[in-house]
>>> print(open('query-v5.pdb').read())   # PDB, C-alpha atoms
ATOM      1  CA  MET A   2      -6.547 -68.233  14.786
ATOM      2  CA  ASP A   3      -3.914 -70.702  13.684
ATOM      3  CA  ILE A   4      -4.895 -73.916  11.850
ATOM      4  CA  ASP A   5      -2.308 -76.692  12.341
ATOM      5  CA  GLY A   6      -2.171 -77.824  15.940
ATOM      6  CA  THR A   7      -5.033 -75.493  16.837
ATOM      7  CA  ILE A   8      -7.989 -76.786  14.859
ATOM      8  CA  THR A   9      -6.549 -79.981  13.371
ATOM      9  CA  LEU A  10      -6.455 -83.509  14.748
ATOM     10  CA  ASN A  11      -2.965 -84.827  15.551
ATOM     11  CA  GLY A  12      -1.395 -82.263  13.218
ATOM     12  CA  ASN A  13      -2.321 -84.298  10.144
ATOM     13  CA  GLY A  14      -4.542 -81.708   8.490
ATOM     14  CA  MET A  15      -7.914 -83.215   9.396
ATOM     15  CA  VAL A  16     -10.005 -80.623  11.210
ATOM     16  CA  ASN A  17     -11.926 -81.182  14.408
ATOM     17  CA  LEU A  18     -15.549 -80.887  13.260
ATOM     18  CA  ASN A  19     -16.768 -79.903  16.720
ATOM     19  CA  ALA A  20     -14.352 -76.986  16.641
ATOM     20  CA  ILE A  21     -15.659 -75.942  13.207
ATOM     21  CA  SER A  22     -19.198 -76.032  14.587
ATOM     22  CA  LYS A  23     -18.121 -73.781  17.442
ATOM     23  CA  LEU A  24     -16.502 -71.333  15.027
ATOM     24  CA  ARG A  25     -19.687 -71.186  12.938
ATOM     25  CA  TYR A  26     -21.585 -70.333  16.103
ATOM     26  CA  LEU A  27     -19.160 -67.455  16.701
ATOM     27  CA  VAL A  28     -19.898 -66.125  13.214
ATOM     28  CA  LYS A  29     -23.642 -66.375  13.872
ATOM     29  CA  LEU A  30     -23.117 -64.219  16.972
ATOM     30  CA  GLY A  31     -21.436 -61.556  14.839
ATOM     31  CA  TYR A  32     -17.752 -62.346  15.323
ATOM     32  CA  GLN A  33     -15.352 -62.543  12.401
ATOM     33  CA  VAL A  34     -13.301 -65.755  12.364
ATOM     34  CA  ILE A  35     -10.021 -65.331  10.490
ATOM     35  CA  TYR A  36      -7.455 -68.072   9.934
ATOM     36  CA  VAL A  37      -3.810 -66.981  10.229
ATOM     37  CA  THR A  38      -1.612 -69.851   9.112
ATOM     38  CA  GLY A  39       1.711 -71.035   7.771
ATOM     39  CA  ARG A  40      -0.224 -72.886   5.106
ATOM     40  CA  SER A  41      -1.152 -71.204   1.840
ATOM     41  CA  SER A  42      -3.844 -68.536   1.840
ATOM     42  CA  ILE A  43      -5.792 -70.698  -0.633
ATOM     43  CA  GLU A  44      -6.007 -73.561   1.877
ATOM     44  CA  ALA A  45      -7.100 -71.192   4.650
ATOM     45  CA  PHE A  46      -9.689 -69.508   2.415
ATOM     46  CA  ALA A  47     -11.072 -72.879   1.283
ATOM     47  CA  LEU A  48     -11.389 -73.965   4.914
ATOM     48  CA  ALA A  49     -13.288 -70.753   5.642
ATOM     49  CA  VAL A  50     -15.641 -71.275   2.695
ATOM     50  CA  PHE A  51     -16.421 -74.944   3.298
ATOM     51  CA  GLY A  52     -16.381 -74.518   7.064
ATOM     52  CA  GLY A  53     -18.925 -71.720   6.897
ATOM     53  CA  THR A  54     -16.850 -69.009   8.567
ATOM     54  CA  THR A  55     -15.634 -65.550   7.530
ATOM     55  CA  HIS A  56     -14.263 -65.472   3.964
ATOM     56  CA  THR A  57     -10.986 -63.793   4.855
ATOM     57  CA  ALA A  58      -7.660 -65.421   5.698
ATOM     58  CA  ILE A  59      -3.946 -64.798   6.153
ATOM     59  CA  GLY A  60      -1.538 -67.373   4.773
ATOM     60  CA  GLU A  61       2.182 -68.010   4.426
ATOM     61  CA  ASN A  62       2.977 -66.830   7.968
ATOM     62  CA  GLY A  63       1.581 -63.383   7.260
ATOM     63  CA  GLY A  64       2.872 -63.028   3.714
ATOM     64  CA  VAL A  65      -0.478 -63.131   1.909
ATOM     65  CA  ILE A  66      -3.942 -61.816   2.769
ATOM     66  CA  ILE A  67      -6.912 -63.193   0.814
ATOM     67  CA  THR A  68     -10.403 -61.666   0.875
ATOM     68  CA  ALA A  69     -11.867 -63.308  -2.242
ATOM     69  CA  PRO A  70     -10.866 -66.194  -4.569
ATOM     70  CA  ASN A  71      -8.873 -63.835  -6.804
ATOM     71  CA  ASP A  72      -8.171 -61.006  -4.355
ATOM     72  CA  PHE A  73      -4.732 -61.351  -2.783
ATOM     73  CA  ARG A  74      -2.507 -58.841  -1.023
ATOM     74  CA  ILE A  75       1.100 -60.036  -1.107
ATOM     75  CA  LEU A  76       3.315 -58.559   1.615
ATOM     76  CA  ALA A  77       6.679 -60.125   0.741
ATOM     77  CA  ASP A  78       8.979 -60.892  -2.190
ATOM     78  CA  LYS A  79       9.209 -64.610  -2.975
ATOM     79  CA  GLU A  80      12.242 -64.062  -5.239
ATOM     80  CA  LYS A  81      14.325 -63.055  -2.230
ATOM     81  CA  CYS A  82      13.245 -66.230  -0.440
ATOM     82  CA  LEU A  83      14.216 -68.312  -3.481
ATOM     83  CA  GLN A  84      17.685 -66.739  -3.368
ATOM     84  CA  GLY A  85      17.933 -67.798   0.260
ATOM     85  CA  TYR A  86      16.858 -71.303  -0.668
ATOM     86  CA  ASP A  87      19.572 -71.571  -3.331
ATOM     87  CA  LEU A  88      22.151 -70.463  -0.764
ATOM     88  CA  LEU A  89      20.976 -72.982   1.846
ATOM     89  CA  ARG A  90      21.158 -75.814  -0.698
ATOM     90  CA  LYS A  91      24.787 -74.922  -1.448
ATOM     91  CA  GLU A  92      25.842 -74.645   2.184
ATOM     92  CA  ILE A  93      23.829 -77.349   3.970
ATOM     93  CA  LYS A  94      23.059 -80.961   3.155
ATOM     94  CA  HIS A  95      19.520 -82.337   2.928
ATOM     95  CA  VAL A  96      17.836 -79.008   2.172
ATOM     96  CA  SER A  97      14.791 -79.525  -0.032
ATOM     97  CA  GLN A  98      11.445 -77.916  -0.701
ATOM     98  CA  LYS A  99       8.346 -79.454   0.835
ATOM     99  CA  SER A 100       5.475 -80.532  -1.392
ATOM    100  CA  VAL A 101       2.868 -77.883  -0.611
ATOM    101  CA  PHE A 102       0.284 -75.715  -2.307
ATOM    102  CA  PRO A 103       1.991 -72.993  -4.403
ATOM    103  CA  ARG A 104       3.322 -70.031  -2.425
ATOM    104  CA  MET A 105       3.380 -66.344  -3.374
ATOM    105  CA  SER A 106       5.616 -64.855  -0.680
ATOM    106  CA  GLU A 107       7.786 -67.599   0.838
ATOM    107  CA  VAL A 108       9.578 -70.898   0.301
ATOM    108  CA  VAL A 109       8.622 -73.950   2.358
ATOM    109  CA  LEU A 110      11.242 -76.572   3.259
ATOM    110  CA  GLU A 111      11.306 -80.043   4.745
ATOM    111  CA  ARG A 112      12.398 -80.159   8.410
ATOM    112  CA  THR A 113      15.530 -82.170   7.554
ATOM    113  CA  PHE A 114      18.353 -79.939   8.786
ATOM    114  CA  ASP A 115      19.329 -77.816  11.770
ATOM    115  CA  LEU A 116      17.218 -74.642  11.923
ATOM    116  CA  ALA A 117      19.803 -72.617  13.829
ATOM    117  CA  HIS A 118      22.500 -73.527  11.297
ATOM    118  CA  GLY A 119      20.249 -72.456   8.455
ATOM    119  CA  ASN A 120      19.523 -69.117  10.067
ATOM    120  CA  GLN A 121      23.230 -68.537  10.676
ATOM    121  CA  VAL A 122      23.940 -69.129   6.981
ATOM    122  CA  LEU A 123      21.271 -66.599   5.990
ATOM    123  CA  THR A 124      22.530 -64.049   8.507
ATOM    124  CA  ASP A 125      26.178 -64.393   7.499
ATOM    125  CA  SER A 126      25.252 -63.929   3.835
ATOM    126  CA  GLY A 127      23.542 -60.613   4.495
ATOM    127  CA  HIS A 128      20.183 -61.856   3.243
ATOM    128  CA  LYS A 129      17.340 -60.207   5.156
ATOM    129  CA  LEU A 130      15.620 -63.548   5.556
ATOM    130  CA  ILE A 131      14.703 -65.825   8.433
ATOM    131  CA  LEU A 132      13.828 -69.490   8.788
ATOM    132  CA  VAL A 133      10.851 -70.175  11.049
ATOM    133  CA  ASP A 134       9.519 -73.520  12.239
ATOM    134  CA  SER A 135       5.744 -73.968  12.114
ATOM    135  CA  ASN A 136       6.046 -77.557  13.411
ATOM    136  CA  TYR A 137       4.723 -78.487   9.958
ATOM    137  CA  ALA A 138       7.683 -77.238   7.916
ATOM    138  CA  TYR A 139      10.496 -74.699   7.825
ATOM    139  CA  HIS A 140       9.546 -71.454   6.116
ATOM    140  CA  ILE A 141      11.905 -68.953   4.503
ATOM    141  CA  ASN A 142      10.350 -65.548   5.143
ATOM    142  CA  GLU A 143      11.554 -61.993   4.783
ATOM    143  CA  ILE A 144      12.580 -60.522   8.121
ATOM    144  CA  GLY A 145       9.684 -58.443   9.429
ATOM    145  CA  VAL A 146       7.029 -60.493   7.648
ATOM    146  CA  ASN A 147       5.178 -62.766  10.057
ATOM    147  CA  LYS A 148       1.717 -63.578  11.337
ATOM    148  CA  GLY A 149       1.761 -60.402  13.389
ATOM    149  CA  THR A 150       2.422 -58.073  10.466
ATOM    150  CA  GLY A 151      -0.170 -59.882   8.361
ATOM    151  CA  LEU A 152      -2.756 -59.596  11.113
ATOM    152  CA  GLU A 153      -1.906 -55.950  11.791
ATOM    153  CA  THR A 154      -2.342 -55.113   8.093
ATOM    154  CA  LEU A 155      -5.734 -56.819   8.013
ATOM    155  CA  MET A 156      -6.819 -55.156  11.266
ATOM    156  CA  LYS A 157      -6.115 -51.744   9.737
ATOM    157  CA  TYR A 158      -8.089 -52.701   6.626
ATOM    158  CA  LEU A 159     -11.051 -53.890   8.721
ATOM    159  CA  GLN A 160     -10.635 -50.966  11.146
ATOM    160  CA  PHE A 161     -10.274 -53.207  14.195
ATOM    161  CA  CYS A 162      -8.253 -52.148  17.230
ATOM    162  CA  LYS A 163      -6.197 -54.602  19.314
ATOM    163  CA  GLU A 164      -8.848 -54.667  22.064
ATOM    164  CA  GLU A 165     -11.364 -56.104  19.595
ATOM    165  CA  VAL A 166      -9.257 -59.080  18.533
ATOM    166  CA  ILE A 167      -8.392 -62.372  20.248
ATOM    167  CA  ALA A 168      -5.507 -64.420  18.831
ATOM    168  CA  ILE A 169      -5.502 -68.216  19.307
ATOM    169  CA  GLY A 170      -2.545 -70.435  18.423
ATOM    170  CA  ASP A 171      -0.098 -73.057  19.623
ATOM    171  CA  SER A 172       3.317 -72.477  18.022
ATOM    172  CA  ILE A 173       6.201 -70.025  18.137
ATOM    173  CA  THR A 174       5.066 -68.590  14.798
ATOM    174  CA  ASP A 175       1.874 -67.450  16.546
ATOM    175  CA  ILE A 176       3.703 -65.235  19.056
ATOM    176  CA  PRO A 177       3.956 -62.219  16.673
ATOM    177  CA  MET A 178       0.180 -62.508  16.286
ATOM    178  CA  PHE A 179      -0.240 -62.497  20.076
ATOM    179  CA  ASN A 180       1.820 -59.303  20.240
ATOM    180  CA  LYS A 181      -0.691 -57.438  18.040
ATOM    181  CA  THR A 182      -3.740 -58.172  20.193
ATOM    182  CA  LYS A 183      -4.718 -57.411  23.762
ATOM    183  CA  TYR A 184      -5.918 -60.964  24.337
ATOM    184  CA  SER A 185      -4.303 -64.233  23.254
ATOM    185  CA  ILE A 186      -5.033 -67.853  24.076
ATOM    186  CA  THR A 187      -2.841 -70.949  23.820
ATOM    187  CA  PHE A 188      -2.928 -74.471  25.249
ATOM    188  CA  GLU A 189      -1.266 -76.325  28.112
ATOM    189  CA  SER A 190       0.316 -78.596  25.480
ATOM    190  CA  SER A 191       2.013 -75.663  23.727
ATOM    191  CA  ASP A 192       5.725 -74.932  24.064
ATOM    192  CA  GLU A 193       6.667 -73.039  27.224
ATOM    193  CA  THR A 194       7.791 -70.040  25.165
ATOM    194  CA  VAL A 195       4.334 -69.812  23.606
ATOM    195  CA  ARG A 196       2.570 -70.225  26.955
ATOM    196  CA  ASN A 197       4.640 -67.404  28.426
ATOM    197  CA  LYS A 198       3.529 -65.016  25.665
ATOM    198  CA  ALA A 199      -0.202 -65.754  25.761
ATOM    199  CA  THR A 200      -2.540 -63.897  28.102
ATOM    200  CA  HIS A 201      -4.665 -67.011  28.681
ATOM    201  CA  ILE A 202      -3.975 -70.774  28.712
ATOM    202  CA  VAL A 203      -6.562 -73.542  28.367
ATOM    203  CA  LYS A 204      -6.476 -77.327  28.448
ATOM    204  CA  GLY A 205      -6.989 -79.620  25.482
ATOM    205  CA  GLY A 206      -5.409 -80.593  22.178
ATOM    206  CA  ASN A 207      -6.401 -81.752  18.710
ATOM    207  CA  GLY A 208      -9.047 -79.048  18.366
ATOM    208  CA  GLU A 209     -10.462 -79.556  21.867
ATOM    209  CA  GLY A 210      -8.218 -76.736  23.062
ATOM    210  CA  LEU A 211      -9.833 -74.392  20.546
ATOM    211  CA  ILE A 212     -13.285 -75.325  21.841
ATOM    212  CA  ASN A 213     -12.101 -74.588  25.379
ATOM    213  CA  ALA A 214     -10.623 -71.292  24.197
ATOM    214  CA  ILE A 215     -13.936 -70.214  22.685
ATOM    215  CA  ASP A 216     -15.781 -71.258  25.854
ATOM    216  CA  LEU A 217     -13.338 -69.092  27.807
ATOM    217  CA  VAL A 218     -14.198 -66.134  25.568
ATOM    218  CA  PHE A 219     -17.910 -66.626  26.309
ATOM    219  CA  GLU A 220     -17.263 -66.934  30.048
ATOM    220  CA  GLN A 221     -15.067 -63.852  30.157
ATOM    221  CA  LYS A 222     -17.466 -61.871  27.979
ATOM    222  CA  ALA A 223     -20.297 -62.705  30.379
ATOM    223  CA  SER A 224     -18.256 -61.267  33.255
ATOM    224  CA  SER A 225     -17.068 -58.279  31.144
ATOM    225  CA  GLU A 226     -13.416 -59.313  31.578
ATOM    226  CA  ILE A 227     -12.768 -59.844  27.879
ATOM    227  CA  ILE A 228     -14.373 -58.766  24.612
TER     228      ILE A 228
END
>>> encode(input="query-v5.pdb", output="structure tokens")
Amino acid sequence: MDIDGTITLNGNGMVNLNAISKLRYLVKLGYQVIYVTGRSSIEAFALAVFGGTTHTAIGENGGVIITAPNDFRILADKEKCLQGYDLLRKEIKHVSQKSVFPRMSEVVLERTFDLAHGNQVLTDSGHKLILVDSNYAYHINEIGVNKGTGLETLMKYLQFCKEEVIAIGDSITDIPMFNKTKYSITFESSDETVRNKATHIVKGGNGEGLINAIDLVFEQKASSEII
């Protein structure tokens, strides 16, 4: 599942403790709870450790998988993203890096310029890079590296098939993750594009939606309609 907008309160980074409690209950039942986020893998792993859930996470929009404090799998080349950043700074005003935890596979920017313009600059230059908006920041990622590819890589490692995984998220960056699973859940407050790609929609925001999503899983499991 995603973190910002899915488990956090008002998008400010503070987690909904009731949602954390629900996730811990899932783990007790034998589920694996894996954060897939645009934040750093370190932040996601720390949340898993202190939140009492599965100690595995995917950060940087799919660019890094972490399974232990010093065990990272990096799926993209940050140097290429830095080249894209240098180009954007030359061509567009007000382009600057966002103050975030260090990244291994991407560059994170403030949301201070037109996203479409930035992507056009990268495309015209021949760089195989893309700017994506996580609603928290703009991210320069290699084309083909996203939450979906990160999740797919981890699913192969854990030997999970798509029918055994439920993806939960609220932003456009979560759609590639939805595409790798049979079941996906988003919220009524999510963008229409996201709602159209999810298999299930629930009410609620600020972490309440996640609680409702988990309740839906239990309900559907009881009726054998979902895993």
>>> resolve_selection(input="query-v5.pdb", expression="the PyMOL selection byres ((chain A and resi 15-20) around 12)", output="JSON list (two decimals) with C-alpha atoms, in the coordinates of the input")
[["chain", "number", "residue", "atom", "x", "y", "z"],
["A", 2, "MET", "CA", -6.55, -68.23, 14.79],
["A", 3, "ASP", "CA", -3.91, -70.70, 13.68],
["A", 4, "ILE", "CA", -4.89, -73.92, 11.85],
["A", 5, "ASP", "CA", -2.31, -76.69, 12.34],
["A", 6, "GLY", "CA", -2.17, -77.82, 15.94],
["A", 7, "THR", "CA", -5.03, -75.49, 16.84],
["A", 8, "ILE", "CA", -7.99, -76.79, 14.86],
["A", 9, "THR", "CA", -6.55, -79.98, 13.37],
["A", 10, "LEU", "CA", -6.46, -83.51, 14.75],
["A", 11, "ASN", "CA", -2.96, -84.83, 15.55],
["A", 12, "GLY", "CA", -1.40, -82.26, 13.22],
["A", 13, "ASN", "CA", -2.32, -84.30, 10.14],
["A", 14, "GLY", "CA", -4.54, -81.71, 8.49],
["A", 21, "ILE", "CA", -15.66, -75.94, 13.21],
["A", 22, "SER", "CA", -19.20, -76.03, 14.59],
["A", 23, "LYS", "CA", -18.12, -73.78, 17.44],
["A", 24, "LEU", "CA", -16.50, -71.33, 15.03],
["A", 25, "ARG", "CA", -19.69, -71.19, 12.94],
["A", 26, "TYR", "CA", -21.58, -70.33, 16.10],
["A", 27, "LEU", "CA", -19.16, -67.46, 16.70],
["A", 45, "ALA", "CA", -7.10, -71.19, 4.65],
["A", 48, "LEU", "CA", -11.39, -73.96, 4.91],
["A", 49, "ALA", "CA", -13.29, -70.75, 5.64],
["A", 51, "PHE", "CA", -16.42, -74.94, 3.30],
["A", 52, "GLY", "CA", -16.38, -74.52, 7.06],
["A", 53, "GLY", "CA", -18.92, -71.72, 6.90],
["A", 54, "THR", "CA", -16.85, -69.01, 8.57],
["A", 205, "GLY", "CA", -6.99, -79.62, 25.48],
["A", 206, "GLY", "CA", -5.41, -80.59, 22.18],
["A", 207, "ASN", "CA", -6.40, -81.75, 18.71],
["A", 208, "GLY", "CA", -9.05, -79.05, 18.37],
["A", 209, "GLU", "CA", -10.46, -79.56, 21.87],
["A", 210, "GLY", "CA", -8.22, -76.74, 23.06],
["A", 211, "LEU", "CA", -9.83, -74.39, 20.55],
["A", 212, "ILE", "CA", -13.28, -75.32, 21.84],
["A", 213, "ASN", "CA", -12.10, -74.59, 25.38],
["A", 214, "ALA", "CA", -10.62, -71.29, 24.20],
["A", 215, "ILE", "CA", -13.94, -70.21, 22.68],
["A", 216, "ASP", "CA", -15.78, -71.26, 25.85]]
>>> resolve_selection(input="query-v5.pdb", expression="the PyMOL selection byres ((chain A and resi 106) around 6)", output="PyMOL selection string")
chain A and resi 64+77-79+104-105+107
>>> resolve_selection(input="query-v5.pdb", expression="the PyMOL selection byres ((chain A and resi 202) around 6)", output="list in words")
Ile186, Thr187, Phe188, His201 and Val203 of chain A
>>> write_last_selection(input="query-v5.pdb", atoms="C-alpha atoms", output="mmCIF file, keeping the file's coordinate frame")
data_model
loop_
_atom_site.group_PDB
_atom_site.id
_atom_site.type_symbol
_atom_site.label_atom_id
_atom_site.label_comp_id
_atom_site.auth_asym_id
_atom_site.auth_seq_id
_atom_site.Cartn_x
_atom_site.Cartn_y
_atom_site.Cartn_z
ATOM 1 C CA ILE A 186 -5.033 -67.853 24.076
ATOM 2 C CA THR A 187 -2.841 -70.949 23.820
ATOM 3 C CA PHE A 188 -2.928 -74.471 25.249
ATOM 4 C CA HIS A 201 -4.665 -67.011 28.681
ATOM 5 C CA VAL A 203 -6.562 -73.542 28.367
#
>>> closest_atom_pairs(input="query-v5.pdb", of="region 24-98 of chain A", to="region 114-129 of chain A", cutoff="10 Å", atoms="all atoms listed in the file", output="Markdown table")
| residue | atom | partner | partner_atom | distance |
| --- | --- | --- | --- | --- |
| A:Lys81 | CA | A:His128 | CA | 8.1 |
| A:Cys82 | CA | A:His128 | CA | 9.0 |
| A:Gln84 | CA | A:His128 | CA | 8.6 |
| A:Gly85 | CA | A:Leu123 | CA | 6.7 |
| A:Tyr86 | CA | A:Leu123 | CA | 9.3 |
| A:Leu88 | CA | A:Leu123 | CA | 7.8 |
| A:Leu89 | CA | A:Gly119 | CA | 6.7 |
| A:Arg90 | CA | A:Gly119 | CA | 9.8 |
| A:Glu92 | CA | A:Val122 | CA | 7.6 |
| A:Ile93 | CA | A:Gly119 | CA | 7.5 |
| A:Lys94 | CA | A:Phe114 | CA | 7.4 |
| A:His95 | CA | A:Phe114 | CA | 6.4 |
| A:Val96 | CA | A:Phe114 | CA | 6.7 |
| A:Ser97 | CA | A:Phe114 | CA | 9.5 |
>>> closest_residue(input="query-v5.pdb", among="A:Tyr184, A:Ser100, A:Pro177, A:Ser191", to="Gly151 (chain A)", atoms="all atoms listed in the file")
A:Pro177
>>> atom_distance(input="query-v5.pdb", atom1="CA of Val101 (chain A)", atom2="CA of Phe73 (chain A)")
18.3 Å
>>> atom_distance(input="query-v5.pdb", atom1="CA of Thr38 (chain A)", atom2="CA of Lys222 (chain A)")
25.9 Å
>>> residues_around(input="query-v5.pdb", residues="Ser172 (chain A)", least_positions_apart="4", cutoff="7 Å", atoms="all atoms listed in the file", output="tab-separated table (two decimals) with C-alpha atoms, in the coordinates of the input")
chain	number	residue	atom	x	y	z
A	135	SER	CA	5.74	-73.97	12.11
A	191	SER	CA	2.01	-75.66	23.73
A	192	ASP	CA	5.72	-74.93	24.06
A	195	VAL	CA	4.33	-69.81	23.61
>>> residues_around(input="query-v5.pdb", residues="Ile167 (chain A)", least_positions_apart="3", cutoff="9 Å", atoms="all atoms listed in the file", output="PyMOL selection string")
chain A and resi 2+163-164+179+182-186+218+228
>>> write_last_selection(input="query-v5.pdb", atoms="C-alpha atoms", output="short mmCIF file (atom, residue, chain, number, x, y, z; two decimals), in the frame of the given file")
data_model
loop_
_atom_site.label_atom_id
_atom_site.label_comp_id
_atom_site.auth_asym_id
_atom_site.auth_seq_id
_atom_site.Cartn_x
_atom_site.Cartn_y
_atom_site.Cartn_z
CA MET A 2 -6.55 -68.23 14.79
CA LYS A 163 -6.20 -54.60 19.31
CA GLU A 164 -8.85 -54.67 22.06
CA PHE A 179 -0.24 -62.50 20.08
CA THR A 182 -3.74 -58.17 20.19
CA LYS A 183 -4.72 -57.41 23.76
CA TYR A 184 -5.92 -60.96 24.34
CA SER A 185 -4.30 -64.23 23.25
CA ILE A 186 -5.03 -67.85 24.08
CA VAL A 218 -14.20 -66.13 25.57
CA ILE A 228 -14.37 -58.77 24.61
#
>>> closest_residue(input="query-v5.pdb", among="A:Gln98, A:Thr194, A:Ser42, A:Ser225", to="Asp175 (chain A)", atoms="all atoms listed in the file")
A:Thr194
>>> atom_distance(input="query-v5.pdb", atom1="CA of Leu155 (chain A)", atom2="CA of Leu83 (chain A)")
25.7 Å
>>> closest_residue(input="query-v5.pdb", among="A:Leu217, A:Asp134, A:Glu61, A:Ile173", to="Arg196 (chain A)", atoms="only C-alpha atoms")
A:Ile173
>>> residues_around(input="query-v5.pdb", residues="Thr55 (chain A)", least_positions_apart="4", cutoff="8 Å", atoms="all atoms listed in the file", output="ChimeraX atom specification")
/A:28,33-35,49-50
>>> axis_aligned_box(input="query-v5.pdb", around="region 99-111 of chain A", padding_each_side="8 Å", output="lines of an AutoDock Vina configuration file")
center_x = 5.8
center_y = -72.7
center_z = 0.2
size_x = 27.0
size_y = 31.7
size_z = 25.1
>>> closest_residue(input="query-v5.pdb", among="A:Val65, A:Val108, A:Ile131, A:Ala47", to="Glu80 (chain A)", atoms="only C-alpha atoms")
A:Val108
>>> closest_residue(input="query-v5.pdb", among="A:Thr154, A:Asp87, A:Lys181, A:His56", to="Val166 (chain A)", atoms="all atoms listed in the file")
A:Lys181
>>> closest_residue(input="query-v5.pdb", among="A:Gln160, A:Asn197, A:Asn62, A:Thr150", to="Tyr36 (chain A)", atoms="all atoms listed in the file")
A:Asn62
>>> build_atoms(input="query-v5.pdb", residues="region 102-113 of chain A", atoms="N, CA, C and O atoms", output="mmCIF file, in the frame of the given file")
data_model
loop_
_atom_site.group_PDB
_atom_site.id
_atom_site.type_symbol
_atom_site.label_atom_id
_atom_site.label_comp_id
_atom_site.auth_asym_id
_atom_site.auth_seq_id
_atom_site.Cartn_x
_atom_site.Cartn_y
_atom_site.Cartn_z
ATOM 1 N N PHE A 102 0.987 -76.561 -1.361
ATOM 2 C CA PHE A 102 0.284 -75.715 -2.307
ATOM 3 C C PHE A 102 1.203 -74.557 -2.709
ATOM 4 O O PHE A 102 2.027 -74.107 -1.900
ATOM 5 N N PRO A 103 1.098 -74.064 -3.941
ATOM 6 C CA PRO A 103 1.991 -72.993 -4.403
ATOM 7 C C PRO A 103 1.982 -71.787 -3.472
ATOM 8 O O PRO A 103 0.946 -71.414 -2.936
ATOM 9 N N ARG A 104 3.166 -71.194 -3.302
ATOM 10 C CA ARG A 104 3.322 -70.031 -2.425
ATOM 11 C C ARG A 104 3.629 -68.773 -3.233
ATOM 12 O O ARG A 104 4.271 -68.837 -4.278
ATOM 13 N N MET A 105 3.196 -67.627 -2.707
ATOM 14 C CA MET A 105 3.380 -66.344 -3.374
ATOM 15 C C MET A 105 4.428 -65.473 -2.699
ATOM 16 O O MET A 105 4.925 -64.529 -3.311
ATOM 17 N N SER A 106 4.759 -65.767 -1.437
ATOM 18 C CA SER A 106 5.616 -64.855 -0.680
ATOM 19 C C SER A 106 6.736 -65.548 0.079
ATOM 20 O O SER A 106 7.531 -64.873 0.734
ATOM 21 N N GLU A 107 6.815 -66.872 0.026
ATOM 22 C CA GLU A 107 7.786 -67.599 0.838
ATOM 23 C C GLU A 107 8.203 -68.884 0.141
ATOM 24 O O GLU A 107 7.665 -69.254 -0.900
ATOM 25 N N VAL A 108 9.171 -69.566 0.743
ATOM 26 C CA VAL A 108 9.578 -70.898 0.301
ATOM 27 C C VAL A 108 9.457 -71.828 1.499
ATOM 28 O O VAL A 108 9.883 -71.486 2.609
ATOM 29 N N VAL A 109 8.884 -73.002 1.277
ATOM 30 C CA VAL A 109 8.622 -73.950 2.358
ATOM 31 C C VAL A 109 9.548 -75.159 2.219
ATOM 32 O O VAL A 109 9.632 -75.756 1.138
ATOM 33 N N LEU A 110 10.231 -75.514 3.290
ATOM 34 C CA LEU A 110 11.242 -76.572 3.259
ATOM 35 C C LEU A 110 10.880 -77.731 4.179
ATOM 36 O O LEU A 110 10.151 -77.560 5.173
ATOM 37 N N GLU A 111 11.414 -78.896 3.852
ATOM 38 C CA GLU A 111 11.306 -80.043 4.745
ATOM 39 C C GLU A 111 12.121 -79.765 6.014
ATOM 40 O O GLU A 111 13.142 -79.076 5.983
ATOM 41 N N ARG A 112 11.710 -80.346 7.122
ATOM 42 C CA ARG A 112 12.398 -80.159 8.410
ATOM 43 C C ARG A 112 13.497 -81.213 8.549
ATOM 44 O O ARG A 112 13.470 -82.064 9.435
ATOM 45 N N THR A 113 14.499 -81.127 7.652
ATOM 46 C CA THR A 113 15.530 -82.170 7.554
ATOM 47 C C THR A 113 16.929 -81.660 7.884
ATOM 48 O O THR A 113 17.906 -82.365 7.622
#
